[in-house]
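Have a look at run25.cif below; it lists mmCIF, C-alpha atoms and all ligand atoms; chains and numbers go by the auth columns.
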```cif
data_final
#
loop_
_atom_site.group_PDB
_atom_site.id
_atom_site.type_symbol
_atom_site.label_atom_id
_atom_site.label_comp_id
_atom_site.label_asym_id
_atom_site.label_seq_id
_atom_site.Cartn_x
_atom_site.Cartn_y
_atom_site.Cartn_z
_atom_site.B_iso_or_equiv
_atom_site.auth_seq_id
_atom_site.auth_asym_id
ATOM 1 C CA MET A 1 -145.415 -71.228 0.728 0.00 1 O
ATOM 2 C CA ASN A 2 -148.970 -70.580 -0.437 0.00 2 O
ATOM 3 C CA GLU A 3 -147.816 -68.939 -3.638 0.00 3 O
ATOM 4 C CA PRO A 4 -150.381 -69.787 -6.344 0.00 4 O
ATOM 5 C CA THR A 5 -148.731 -71.915 -8.974 0.00 5 O
ATOM 6 C CA ASP A 6 -150.984 -70.796 -11.819 0.00 6 O
ATOM 7 C CA ARG A 7 -149.748 -67.218 -11.937 0.00 7 O
ATOM 8 C CA THR A 8 -148.702 -66.126 -15.375 0.00 8 O
ATOM 9 C CA PRO A 9 -147.768 -62.735 -16.808 0.00 9 O
ATOM 10 C CA GLU A 10 -151.190 -62.767 -18.506 0.00 10 O
ATOM 11 C CA SER A 11 -153.108 -63.356 -15.300 0.00 11 O
ATOM 12 C CA GLU A 12 -151.016 -60.738 -13.478 0.00 12 O
ATOM 13 C CA ARG A 13 -151.880 -58.209 -16.172 0.00 13 O
ATOM 14 C CA ALA A 14 -155.568 -59.154 -16.022 0.00 14 O
ATOM 15 C CA LEU A 15 -155.585 -58.622 -12.268 0.00 15 O
ATOM 16 C CA GLU A 16 -153.789 -55.300 -12.597 0.00 16 O
ATOM 17 C CA ILE A 17 -156.293 -54.050 -15.179 0.00 17 O
ATOM 18 C CA GLU A 18 -159.271 -55.310 -13.198 0.00 18 O
ATOM 19 C CA THR A 19 -158.085 -53.476 -10.089 0.00 19 O
ATOM 20 C CA ALA A 20 -157.466 -50.243 -12.014 0.00 20 O
ATOM 21 C CA LEU A 21 -160.776 -50.460 -13.886 0.00 21 O
ATOM 22 C CA THR A 22 -162.682 -50.984 -10.650 0.00 22 O
ATOM 23 C CA ALA A 23 -160.974 -47.945 -9.133 0.00 23 O
ATOM 24 C CA VAL A 24 -161.803 -45.787 -12.168 0.00 24 O
ATOM 25 C CA ARG A 25 -165.424 -46.933 -12.183 0.00 25 O
ATOM 26 C CA GLU A 26 -165.659 -46.017 -8.493 0.00 26 O
ATOM 27 C CA ARG A 27 -163.966 -42.698 -9.115 0.00 27 O
ATOM 28 C CA LEU A 28 -166.394 -41.862 -11.924 0.00 28 O
ATOM 29 C CA HIS A 29 -169.348 -42.932 -9.814 0.00 29 O
ATOM 30 C CA ARG A 30 -168.204 -40.661 -6.990 0.00 30 O
ATOM 31 C CA ALA A 31 -167.639 -37.767 -9.411 0.00 31 O
ATOM 32 C CA CYS A 32 -171.225 -38.128 -10.650 0.00 32 O
ATOM 33 C CA VAL A 33 -172.684 -38.274 -7.147 0.00 33 O
ATOM 34 C CA ASP A 34 -170.608 -35.254 -6.066 0.00 34 O
ATOM 35 C CA ALA A 35 -171.841 -33.329 -9.112 0.00 35 O
ATOM 36 C CA GLY A 36 -175.459 -34.263 -8.404 0.00 36 O
ATOM 37 C CA ARG A 37 -175.673 -36.282 -11.603 0.00 37 O
ATOM 38 C CA SER A 38 -176.836 -39.786 -12.356 0.00 38 O
ATOM 39 C CA PRO A 39 -173.932 -42.189 -12.939 0.00 39 O
ATOM 40 C CA ALA A 40 -175.979 -43.664 -15.785 0.00 40 O
ATOM 41 C CA ASP A 41 -175.558 -40.408 -17.703 0.00 41 O
ATOM 42 C CA VAL A 42 -171.768 -40.493 -17.969 0.00 42 O
ATOM 43 C CA ALA A 43 -170.126 -43.264 -19.995 0.00 43 O
ATOM 44 C CA LEU A 44 -166.613 -44.504 -19.389 0.00 44 O
ATOM 45 C CA LEU A 45 -164.609 -44.865 -22.600 0.00 45 O
ATOM 46 C CA PRO A 46 -161.437 -46.871 -21.953 0.00 46 O
ATOM 47 C CA VAL A 47 -158.666 -45.606 -24.211 0.00 47 O
ATOM 48 C CA THR A 48 -156.552 -48.522 -25.449 0.00 48 O
ATOM 49 C CA LYS A 49 -154.158 -46.659 -27.749 0.00 49 O
ATOM 50 C CA PHE A 50 -150.570 -47.956 -27.538 0.00 50 O
ATOM 51 C CA PHE A 51 -151.721 -51.060 -25.659 0.00 51 O
ATOM 52 C CA PRO A 52 -152.007 -54.486 -27.266 0.00 52 O
ATOM 53 C CA ALA A 53 -155.102 -56.396 -28.305 0.00 53 O
ATOM 54 C CA SER A 54 -154.540 -58.665 -25.295 0.00 54 O
ATOM 55 C CA ASP A 55 -155.391 -55.708 -23.021 0.00 55 O
ATOM 56 C CA VAL A 56 -158.517 -54.973 -25.059 0.00 56 O
ATOM 57 C CA ARG A 57 -159.501 -58.612 -24.582 0.00 57 O
ATOM 58 C CA ILE A 58 -159.095 -58.315 -20.798 0.00 58 O
ATOM 59 C CA LEU A 59 -161.257 -55.182 -20.720 0.00 59 O
ATOM 60 C CA TYR A 60 -163.865 -56.858 -22.902 0.00 60 O
ATOM 61 C CA HIS A 61 -164.092 -59.748 -20.464 0.00 61 O
ATOM 62 C CA LEU A 62 -164.511 -57.208 -17.651 0.00 62 O
ATOM 63 C CA GLY A 63 -167.612 -55.931 -19.424 0.00 63 O
ATOM 64 C CA CYS A 64 -166.256 -53.044 -21.489 0.00 64 O
ATOM 65 C CA ARG A 65 -167.925 -52.643 -24.880 0.00 65 O
ATOM 66 C CA ASP A 66 -166.466 -49.293 -25.942 0.00 66 O
ATOM 67 C CA PHE A 67 -162.824 -48.621 -26.763 0.00 67 O
ATOM 68 C CA GLY A 68 -161.036 -45.419 -27.777 0.00 68 O
ATOM 69 C CA GLU A 69 -158.118 -45.373 -30.194 0.00 69 O
ATOM 70 C CA SER A 70 -156.186 -42.400 -31.498 0.00 70 O
ATOM 71 C CA ARG A 71 -154.207 -43.678 -34.478 0.00 71 O
ATOM 72 C CA GLU A 72 -155.698 -45.483 -37.424 0.00 72 O
ATOM 73 C CA GLN A 73 -152.571 -47.543 -38.072 0.00 73 O
ATOM 74 C CA ASP A 74 -152.605 -48.924 -34.506 0.00 74 O
ATOM 75 C CA ALA A 75 -156.334 -49.355 -34.285 0.00 75 O
ATOM 76 C CA SER A 76 -157.092 -51.178 -37.531 0.00 76 O
ATOM 77 C CA PRO A 77 -154.977 -54.282 -36.749 0.00 77 O
ATOM 78 C CA LYS A 78 -156.412 -54.455 -33.212 0.00 78 O
ATOM 79 C CA VAL A 79 -159.947 -54.286 -34.535 0.00 79 O
ATOM 80 C CA ALA A 80 -159.149 -56.999 -37.071 0.00 80 O
ATOM 81 C CA GLU A 81 -157.422 -59.190 -34.500 0.00 81 O
ATOM 82 C CA THR A 82 -160.390 -59.182 -32.126 0.00 82 O
ATOM 83 C CA ALA A 83 -163.257 -59.118 -34.639 0.00 83 O
ATOM 84 C CA GLU A 84 -163.880 -62.849 -34.775 0.00 84 O
ATOM 85 C CA GLU A 85 -163.672 -63.320 -31.023 0.00 85 O
ATOM 86 C CA PHE A 86 -166.031 -60.394 -30.279 0.00 86 O
ATOM 87 C CA ARG A 87 -168.460 -61.246 -33.067 0.00 87 O
ATOM 88 C CA SER A 88 -171.413 -62.291 -30.902 0.00 88 O
ATOM 89 C CA GLU A 89 -171.322 -58.928 -29.110 0.00 89 O
ATOM 90 C CA PRO A 90 -169.188 -56.488 -31.088 0.00 90 O
ATOM 91 C CA PRO A 91 -167.762 -53.539 -29.162 0.00 91 O
ATOM 92 C CA ARG A 92 -168.000 -49.954 -30.355 0.00 92 O
ATOM 93 C CA TRP A 93 -164.665 -48.532 -31.469 0.00 93 O
ATOM 94 C CA HIS A 94 -164.244 -44.786 -31.079 0.00 94 O
ATOM 95 C CA MET A 95 -161.632 -42.840 -32.998 0.00 95 O
ATOM 96 C CA ILE A 96 -160.567 -40.063 -30.644 0.00 96 O
ATOM 97 C CA GLY A 97 -157.352 -38.764 -32.206 0.00 97 O
ATOM 98 C CA HIS A 98 -156.527 -36.519 -35.119 0.00 98 O
ATOM 99 C CA LEU A 99 -157.565 -38.187 -38.350 0.00 99 O
ATOM 100 C CA GLN A 100 -156.088 -37.621 -41.781 0.00 100 O
ATOM 101 C CA ARG A 101 -158.441 -37.646 -44.724 0.00 101 O
ATOM 102 C CA ASN A 102 -156.607 -40.497 -46.419 0.00 102 O
ATOM 103 C CA LYS A 103 -157.512 -42.704 -43.428 0.00 103 O
ATOM 104 C CA ALA A 104 -161.240 -42.021 -43.715 0.00 104 O
ATOM 105 C CA LYS A 105 -161.906 -45.170 -45.714 0.00 105 O
ATOM 106 C CA SER A 106 -160.235 -47.440 -43.193 0.00 106 O
ATOM 107 C CA VAL A 107 -161.889 -45.781 -40.213 0.00 107 O
ATOM 108 C CA ALA A 108 -165.321 -45.849 -41.865 0.00 108 O
ATOM 109 C CA ALA A 109 -164.986 -49.640 -41.970 0.00 109 O
ATOM 110 C CA TRP A 110 -164.717 -50.104 -38.200 0.00 110 O
ATOM 111 C CA ALA A 111 -165.503 -46.970 -36.192 0.00 111 O
ATOM 112 C CA HIS A 112 -168.774 -46.495 -34.365 0.00 112 O
ATOM 113 C CA SER A 113 -167.913 -42.858 -33.780 0.00 113 O
ATOM 114 C CA ILE A 114 -165.245 -40.241 -34.335 0.00 114 O
ATOM 115 C CA HIS A 115 -164.651 -37.704 -31.566 0.00 115 O
ATOM 116 C CA SER A 116 -162.100 -35.554 -33.382 0.00 116 O
ATOM 117 C CA VAL A 117 -163.773 -34.136 -36.483 0.00 117 O
ATOM 118 C CA ASP A 118 -162.551 -30.595 -37.005 0.00 118 O
ATOM 119 C CA SER A 119 -162.697 -29.674 -40.690 0.00 119 O
ATOM 120 C CA ALA A 120 -165.183 -29.551 -43.543 0.00 120 O
ATOM 121 C CA ARG A 121 -162.748 -31.455 -45.727 0.00 121 O
ATOM 122 C CA LEU A 122 -162.601 -34.294 -43.252 0.00 122 O
ATOM 123 C CA VAL A 123 -166.409 -34.295 -43.061 0.00 123 O
ATOM 124 C CA ALA A 124 -166.582 -34.669 -46.840 0.00 124 O
ATOM 125 C CA ALA A 125 -164.055 -37.520 -46.839 0.00 125 O
ATOM 126 C CA LEU A 126 -165.854 -39.336 -44.019 0.00 126 O
ATOM 127 C CA SER A 127 -169.237 -38.890 -45.665 0.00 127 O
ATOM 128 C CA LYS A 128 -167.984 -40.359 -48.902 0.00 128 O
ATOM 129 C CA ALA A 129 -166.205 -43.269 -47.196 0.00 129 O
ATOM 130 C CA THR A 130 -169.164 -44.055 -44.952 0.00 130 O
ATOM 131 C CA THR A 131 -171.649 -43.935 -47.808 0.00 131 O
ATOM 132 C CA VAL A 132 -169.549 -46.456 -49.745 0.00 132 O
ATOM 133 C CA ALA A 133 -169.154 -48.659 -46.642 0.00 133 O
ATOM 134 C CA LEU A 134 -172.936 -48.620 -46.111 0.00 134 O
ATOM 135 C CA ASP A 135 -173.621 -49.421 -49.768 0.00 135 O
ATOM 136 C CA GLU A 136 -171.154 -52.290 -49.707 0.00 136 O
ATOM 137 C CA GLY A 137 -172.505 -53.661 -46.432 0.00 137 O
ATOM 138 C CA VAL A 138 -169.175 -53.098 -44.672 0.00 138 O
ATOM 139 C CA ARG A 139 -171.073 -51.137 -42.036 0.00 139 O
ATOM 140 C CA GLN A 140 -174.725 -51.170 -41.010 0.00 140 O
ATOM 141 C CA ALA A 141 -175.255 -47.829 -39.304 0.00 141 O
ATOM 142 C CA GLU A 142 -174.388 -44.210 -39.882 0.00 142 O
ATOM 143 C CA LEU A 143 -171.143 -42.963 -38.382 0.00 143 O
ATOM 144 C CA ASP A 144 -171.539 -40.897 -35.220 0.00 144 O
ATOM 145 C CA VAL A 145 -169.578 -37.686 -35.519 0.00 145 O
ATOM 146 C CA ILE A 146 -168.515 -35.691 -32.504 0.00 146 O
ATOM 147 C CA VAL A 147 -167.096 -32.349 -33.529 0.00 147 O
ATOM 148 C CA GLN A 148 -163.927 -31.284 -31.726 0.00 148 O
ATOM 149 C CA VAL A 149 -163.683 -27.630 -30.814 0.00 149 O
ATOM 150 C CA SER A 150 -160.497 -25.794 -29.902 0.00 150 O
ATOM 151 C CA LEU A 151 -161.013 -23.870 -26.679 0.00 151 O
ATOM 152 C CA ASP A 152 -157.981 -21.609 -27.141 0.00 152 O
ATOM 153 C CA GLY A 153 -157.843 -21.268 -30.927 0.00 153 O
ATOM 154 C CA ASP A 154 -154.576 -23.245 -31.115 0.00 154 O
ATOM 155 C CA VAL A 155 -155.805 -25.475 -33.930 0.00 155 O
ATOM 156 C CA HIS A 156 -152.459 -27.299 -34.133 0.00 156 O
ATOM 157 C CA ARG A 157 -153.648 -29.296 -31.133 0.00 157 O
ATOM 158 C CA GLY A 158 -156.842 -30.209 -32.956 0.00 158 O
ATOM 159 C CA GLY A 159 -160.310 -28.772 -32.961 0.00 159 O
ATOM 160 C CA VAL A 160 -162.191 -26.268 -35.050 0.00 160 O
ATOM 161 C CA GLU A 161 -162.139 -22.634 -33.989 0.00 161 O
ATOM 162 C CA ARG A 162 -165.249 -21.715 -32.027 0.00 162 O
ATOM 163 C CA GLY A 163 -166.264 -19.166 -34.676 0.00 163 O
ATOM 164 C CA GLU A 164 -166.513 -21.964 -37.229 0.00 164 O
ATOM 165 C CA LEU A 165 -168.161 -24.525 -34.997 0.00 165 O
ATOM 166 C CA HIS A 166 -171.750 -24.028 -36.104 0.00 166 O
ATOM 167 C CA GLU A 167 -170.906 -24.085 -39.785 0.00 167 O
ATOM 168 C CA LEU A 168 -169.026 -27.357 -39.306 0.00 168 O
ATOM 169 C CA ALA A 169 -171.873 -28.868 -37.290 0.00 169 O
ATOM 170 C CA ASP A 170 -174.299 -27.939 -40.066 0.00 170 O
ATOM 171 C CA ALA A 171 -172.002 -29.621 -42.597 0.00 171 O
ATOM 172 C CA VAL A 172 -172.009 -32.834 -40.551 0.00 172 O
ATOM 173 C CA SER A 173 -175.744 -32.893 -40.152 0.00 173 O
ATOM 174 C CA ASP A 174 -176.221 -32.311 -43.884 0.00 174 O
ATOM 175 C CA ALA A 175 -173.718 -35.018 -44.879 0.00 175 O
ATOM 176 C CA SER A 176 -175.032 -38.406 -45.905 0.00 176 O
ATOM 177 C CA GLY A 177 -173.842 -41.339 -43.846 0.00 177 O
ATOM 178 C CA LEU A 178 -173.001 -39.175 -40.836 0.00 178 O
ATOM 179 C CA ARG A 179 -174.941 -38.354 -37.686 0.00 179 O
ATOM 180 C CA LEU A 180 -174.003 -35.334 -35.598 0.00 180 O
ATOM 181 C CA ALA A 181 -173.723 -36.799 -32.101 0.00 181 O
ATOM 182 C CA GLY A 182 -172.092 -34.093 -30.018 0.00 182 O
ATOM 183 C CA LEU A 183 -169.096 -31.993 -29.084 0.00 183 O
ATOM 184 C CA MET A 184 -165.602 -32.774 -27.784 0.00 184 O
ATOM 185 C CA ALA A 185 -162.633 -30.785 -26.520 0.00 185 O
ATOM 186 C CA VAL A 186 -159.327 -31.241 -24.761 0.00 186 O
ATOM 187 C CA PRO A 187 -158.521 -28.407 -22.336 0.00 187 O
ATOM 188 C CA PRO A 188 -155.620 -26.171 -23.396 0.00 188 O
ATOM 189 C CA LEU A 189 -152.249 -26.939 -21.783 0.00 189 O
ATOM 190 C CA ASP A 190 -151.987 -25.353 -18.328 0.00 190 O
ATOM 191 C CA ALA A 191 -155.649 -24.314 -18.423 0.00 191 O
ATOM 192 C CA ASP A 192 -157.816 -24.447 -15.333 0.00 192 O
ATOM 193 C CA ALA A 193 -159.924 -27.524 -16.027 0.00 193 O
ATOM 194 C CA ASP A 194 -163.103 -26.159 -14.444 0.00 194 O
ATOM 195 C CA ALA A 195 -162.916 -22.932 -16.442 0.00 195 O
ATOM 196 C CA ALA A 196 -162.171 -24.801 -19.676 0.00 196 O
ATOM 197 C CA PHE A 197 -165.023 -27.282 -19.210 0.00 197 O
ATOM 198 C CA ALA A 198 -167.450 -24.509 -18.182 0.00 198 O
ATOM 199 C CA ASP A 199 -166.609 -22.790 -21.473 0.00 199 O
ATOM 200 C CA LEU A 200 -167.101 -26.072 -23.355 0.00 200 O
ATOM 201 C CA GLU A 201 -170.415 -26.673 -21.613 0.00 201 O
ATOM 202 C CA SER A 202 -171.740 -23.320 -22.778 0.00 202 O
ATOM 203 C CA LEU A 203 -170.594 -24.011 -26.356 0.00 203 O
ATOM 204 C CA HIS A 204 -172.416 -27.352 -26.138 0.00 204 O
ATOM 205 C CA ARG A 205 -175.617 -25.694 -24.879 0.00 205 O
ATOM 206 C CA ARG A 206 -175.565 -23.302 -27.803 0.00 206 O
ATOM 207 C CA LEU A 207 -174.908 -26.113 -30.266 0.00 207 O
ATOM 208 C CA MET A 208 -177.873 -28.054 -28.892 0.00 208 O
ATOM 209 C CA LEU A 209 -180.209 -25.150 -29.663 0.00 209 O
ATOM 210 C CA ASP A 210 -179.591 -25.772 -33.367 0.00 210 O
ATOM 211 C CA HIS A 211 -178.898 -29.508 -33.105 0.00 211 O
ATOM 212 C CA PRO A 212 -180.915 -30.994 -30.252 0.00 212 O
ATOM 213 C CA ASP A 213 -179.695 -34.519 -31.030 0.00 213 O
ATOM 214 C CA ALA A 214 -176.035 -33.576 -30.515 0.00 214 O
ATOM 215 C CA ARG A 215 -176.307 -34.642 -26.881 0.00 215 O
ATOM 216 C CA GLU A 216 -172.870 -36.150 -26.336 0.00 216 O
ATOM 217 C CA LEU A 217 -170.266 -34.068 -24.563 0.00 217 O
ATOM 218 C CA SER A 218 -166.976 -35.971 -24.810 0.00 218 O
ATOM 219 C CA ALA A 219 -164.865 -34.400 -22.083 0.00 219 O
ATOM 220 C CA GLY A 220 -162.519 -35.479 -19.328 0.00 220 O
ATOM 221 C CA MET A 221 -159.501 -37.768 -19.159 0.00 221 O
ATOM 222 C CA THR A 222 -157.439 -39.345 -16.375 0.00 222 O
ATOM 223 C CA GLY A 223 -156.336 -36.018 -14.926 0.00 223 O
ATOM 224 C CA ASP A 224 -159.523 -34.005 -15.094 0.00 224 O
ATOM 225 C CA LEU A 225 -162.575 -36.241 -15.255 0.00 225 O
ATOM 226 C CA GLU A 226 -164.162 -34.821 -12.090 0.00 226 O
ATOM 227 C CA ALA A 227 -164.131 -31.285 -13.523 0.00 227 O
ATOM 228 C CA ALA A 228 -165.584 -32.560 -16.802 0.00 228 O
ATOM 229 C CA VAL A 229 -168.394 -34.372 -14.971 0.00 229 O
ATOM 230 C CA ARG A 230 -169.199 -31.161 -13.077 0.00 230 O
ATOM 231 C CA HIS A 231 -169.707 -29.484 -16.455 0.00 231 O
ATOM 232 C CA GLY A 232 -171.956 -31.888 -18.266 0.00 232 O
ATOM 233 C CA SER A 233 -169.630 -34.522 -19.714 0.00 233 O
ATOM 234 C CA THR A 234 -171.488 -37.564 -21.029 0.00 234 O
ATOM 235 C CA CYS A 235 -168.316 -39.514 -21.893 0.00 235 O
ATOM 236 C CA VAL A 236 -164.951 -39.522 -20.166 0.00 236 O
ATOM 237 C CA ARG A 237 -162.029 -40.908 -22.184 0.00 237 O
ATOM 238 C CA VAL A 238 -159.665 -42.619 -19.776 0.00 238 O
ATOM 239 C CA GLY A 239 -156.387 -44.297 -20.706 0.00 239 O
ATOM 240 C CA THR A 240 -153.624 -43.940 -18.125 0.00 240 O
ATOM 241 C CA ALA A 241 -155.728 -44.620 -15.025 0.00 241 O
ATOM 242 C CA ILE A 242 -156.885 -47.944 -16.476 0.00 242 O
ATOM 243 C CA LEU A 243 -153.929 -49.280 -18.477 0.00 243 O
ATOM 244 C CA GLY A 244 -150.973 -47.393 -17.032 0.00 244 O
ATOM 245 C CA ALA A 245 -148.492 -44.935 -18.491 0.00 245 O
ATOM 246 C CA ARG A 246 -147.893 -44.842 -22.212 0.00 246 O
ATOM 247 C CA PRO A 247 -144.511 -44.324 -23.862 0.00 247 O
ATOM 248 C CA ILE A 248 -143.415 -40.655 -23.685 0.00 248 O
ATOM 249 C CA THR A 249 -143.697 -40.313 -27.450 0.00 249 O
ATOM 250 C CA SER A 250 -147.427 -41.047 -27.411 0.00 250 O
ATOM 251 C CA GLN A 251 -150.059 -38.364 -27.446 0.00 251 O
HETATM 252 C C1 LIG B . -154.889 -40.400 -25.040 0.00 301 O
HETATM 253 C C2 LIG B . -156.138 -39.637 -25.010 0.00 301 O
HETATM 254 C C3 LIG B . -157.003 -39.726 -23.901 0.00 301 O
HETATM 255 C C4 LIG B . -156.680 -40.509 -22.648 0.00 301 O
HETATM 256 O O1 LIG B . -155.815 -39.745 -21.849 0.00 301 O
HETATM 257 P P1 LIG B . -155.389 -40.221 -20.378 0.00 301 O
HETATM 258 O O2 LIG B . -154.837 -38.988 -19.778 0.00 301 O
HETATM 259 O O3 LIG B . -154.379 -41.294 -20.553 0.00 301 O
HETATM 260 O O4 LIG B . -156.602 -40.702 -19.680 0.00 301 O
HETATM 261 C C5 LIG B . -158.182 -39.007 -23.963 0.00 301 O
HETATM 262 N N1 LIG B . -158.525 -38.284 -25.046 0.00 301 O
HETATM 263 C C6 LIG B . -157.725 -38.179 -26.126 0.00 301 O
HETATM 264 C C7 LIG B . -158.156 -37.345 -27.285 0.00 301 O
HETATM 265 C C8 LIG B . -156.509 -38.861 -26.145 0.00 301 O
HETATM 266 O O5 LIG B . -155.717 -38.741 -27.224 0.00 301 O
#
```
Would you mind giving the structure from this file in structure tokens?
Amino acid sequence: MNEPTDRTPESERALEIETALTAVRERLHRACVDAGRSPADVALLPVTKFFPASDVRILYHLGCRDFGESREQDASPKVAETAEEFRSEPPRWHMIGHLQRNKAKSVAAWAHSIHSVDSARLVAALSKATTVALDEGVRQAELDVIVQVSLDGDVHRGGVERGELHELADAVSDASGLRLAGLMAVPPLDADADAAFADLESLHRRLMLDHPDARELSAGMTGDLEAAVRHGSTCVRVGTAILGARPITSQ
């Protein structure tokens, strides 16, 4: 009948992503209004981990200029694959997952920011790698560091213990090549999101007393972005609601 003949798997995927992205943008807008905040103050960071460069391309053409990735070995090829195409207006790549020190050099070559910095040893490795990358002209600007704090002290899930947060933040701000940009956390499993983000918000307030430029609060994902926005989030990291479910093995 009137079935369009130009439908391809690629155009179907583009339509699916466009619909989901529009819904998430509306959802975030509503969350801001409900929280009495300006929508301009909360950035949407689409998380593209486990999804191919073709999906990144679709998001880019829908106006996205920030992408979150959680594994260096998945991110680096995607960054390389899209670099030429995005050259006139390069996006900002954000590393949001746990980072091993031996990946610091690679990440320093392409990341605008890292949301998951949780140890002094990683700070040292990133500082060294970024300084070299700046000297060699591989990157032009300092690396934005967002320190990840553990809200329940279970450091296996990432994040520095709250008792060590200020010392780590001082180390970042003293390190060459790095700029302390803010604080990040993932709520503990089974935690009440509002309580967890209220706790995070107060840690962020205290951090800002010593480091007034550490304004970013990276908080909120698909399941809890409204609660995060109620508690001062400036950046919600959203994967599933935009790109769909990831394989079970992902994190
Ligand atoms: C995967 C991931 C996200 C996105 O989670 P969704 O629930 O899919 O929105 C956010 N933050 C971090 C640190 C992640 O690893």
Ligand LIG 301 (chain O): which residues are within 9 Å, counting all atoms listed in the file? Reply as a PyMOL selection string. chain O and resi 45-49+68-71+95-98+115-116+184-186+218-225+236-246+250-251
Could you please determine the separation between atom CA of O:His231 and atom CA of O:Glu201 in Å, to one decimal place? 5.9 Å
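For the file shown, the residue list from the PyMOL selection byres (((chain O and resi 235) around 6) and not hetatm) reads Val42, Ala43, Leu44, Ser218, Ser233, Thr234 and Val236 of chain O.
Residue neighbourhood of O:Ile58, excluding near-sequence residues (fewer than 4 positions): Ala14, Ile17, Ser54 and Leu62 of chain O, at 8 Å, using only C-alpha atoms.
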Once the PyMOL selection byres (((chain O and resi 155) around 12) and not hetatm) has been applied to the shown file, what residues remain in the selection, as a PyMOL selection string? chain O and resi 98+116+118-119+148-154+156-162+164+185-186+188
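Of the listed residues (O:Ser38, O:Ser173, O:Ser11, O:Ser127), O:Ser127 comes nearest to O:Arg101; the distances count only C-alpha atoms.
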Would you pick out the contacts of O:Asp194 at 10 Å or less, using only C-alpha atoms, so that residues sharing its chain but fewer than 5 positions from it are not included, and give the list as a PyMOL selection string? chain O and resi 187+199-200+224+226-231
In Å and to one decimal, atom CA of O:Leu207 is distant from atom CA of O:His166 by 7.0 Å
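Counting from atom CA of O:Val147, the distance to atom CA of O:Arg215 is 11.6 Å.
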The PyMOL selection byres (((chain O and resi 82) around 12) and not hetatm) on the file shown: which residues, as a count of residues only? 26
How big is the axis-aligned box, and where does its centre sit, when it encloses all atoms of stretch 67-74 of chain O listed in the file and has 5 Å added on every side, reported in Å to one decimal as AutoDock Vina command-line options?
```
--center_x -157.7 --center_y -45.7 --center_z -32.4 --size_x 20.3 --size_y 16.5 --size_z 21.3
```
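Distance check against O:Leu143 using only C-alpha atoms: of O:Leu178, O:Leu126, O:Ala31, O:Ala20, the minimum falls on O:Leu178.
For the choices O:Ser202, O:Ser113, O:Gln73, O:Thr8, the atom-to-atom distance to O:Glu142 is smallest for O:Ser113 when using all atoms listed in the file.
Nearest-residue note for O:Ala198: choosing from O:Ala181, O:Val33, O:Leu217, O:Ala175, the minimum distance belongs to O:Leu217, counting all atoms listed in the file.
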Considering only C-alpha atoms, return as number ranges by chain whatever protein or nucleic-acid residues lie within 12 Å of O:Thr130, sequence-local ones (same chain, fewer than 2 positions apart) excluded. O: 103-114, 122-128, 132-145, 175-179
